[in-house]
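Colleague: Here it is, the structure in full.
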Amino acid sequence: MEIFHKGVVRAVDNGGVEKFHESTSDRSLWVVAKGVTGYLRANDVVKDDVKTLEFNDLQAVIEKSLRKVLVCILLPPQMEGETREMLTREFAVFINQFW
């Protein structure tokens, strides 16, 4: 099975209005994490803002002043749960490395 990973960064204000939405996809999880880190920087999210990047159901929420920044990883639905969890952990590790 050939897997394309996809990462999405979405920022919404307190009223729920979307202020930023970008995504990137690639066969390499490393490449996707690098792109997502760039999108986080574009939204003024720095490593000090996030002590640990924890994904819950493939999504992490970062509170930033008057908005929320959502980071999502999209994986094929037929992928097993254990593999999905492992890839999500690796995705967070890569993002932290790029910060």
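Residues in the structure tokens are named by chain (A, B, ... in the order shown) and by number from 1 within that chain; ligands are numbered from 1 in the order shown.
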Which of chain A end up as strand (DSSP E or B) when DSSP is run on this backbone - answer as a count of residues only?
Modeller: 33
Colleague: Which residues of region 54-73 of chain A come within 10 Å of region 27-42 of chain A, and what is each one's closest atom pair and distance in Å (one decimal), counting only C-alpha atoms, sorted by chain and residue number, as a tab-separated table?
Modeller:
```
residue	atom	partner	partner_atom	distance
A:Ile62	CA	A:Leu40	CA	9.9
A:Val69	CA	A:Leu40	CA	8.1
A:Leu70	CA	A:Leu40	CA	9.4
A:Val71	CA	A:Val36	CA	7.9
A:Cys72	CA	A:Val36	CA	9.3
A:Ile73	CA	A:Val32	CA	9.1
```
Colleague: Which residue out of A:Leu58, A:Val50, A:Leu87, A:Leu66 has the minimum interatomic distance to Val17 (chain A) when only C-alpha atoms are used?
Modeller: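 Using only C-alpha atoms, Val17 (chain A) sits closest to A:Leu66.
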Colleague: Tell me, in Å to one decimal, how far CA of Val8 (chain A) is from CA of Ile95 (chain A).
Modeller: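 Going from CA of Val8 (chain A) over to CA of Ile95 (chain A) covers 12.6 Å.
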Colleague: Could you please determine the separation between CA of Pro77 (chain A) and CA of Phe98 (chain A) in Å, to one decimal place?
Modeller: 27.1 Å
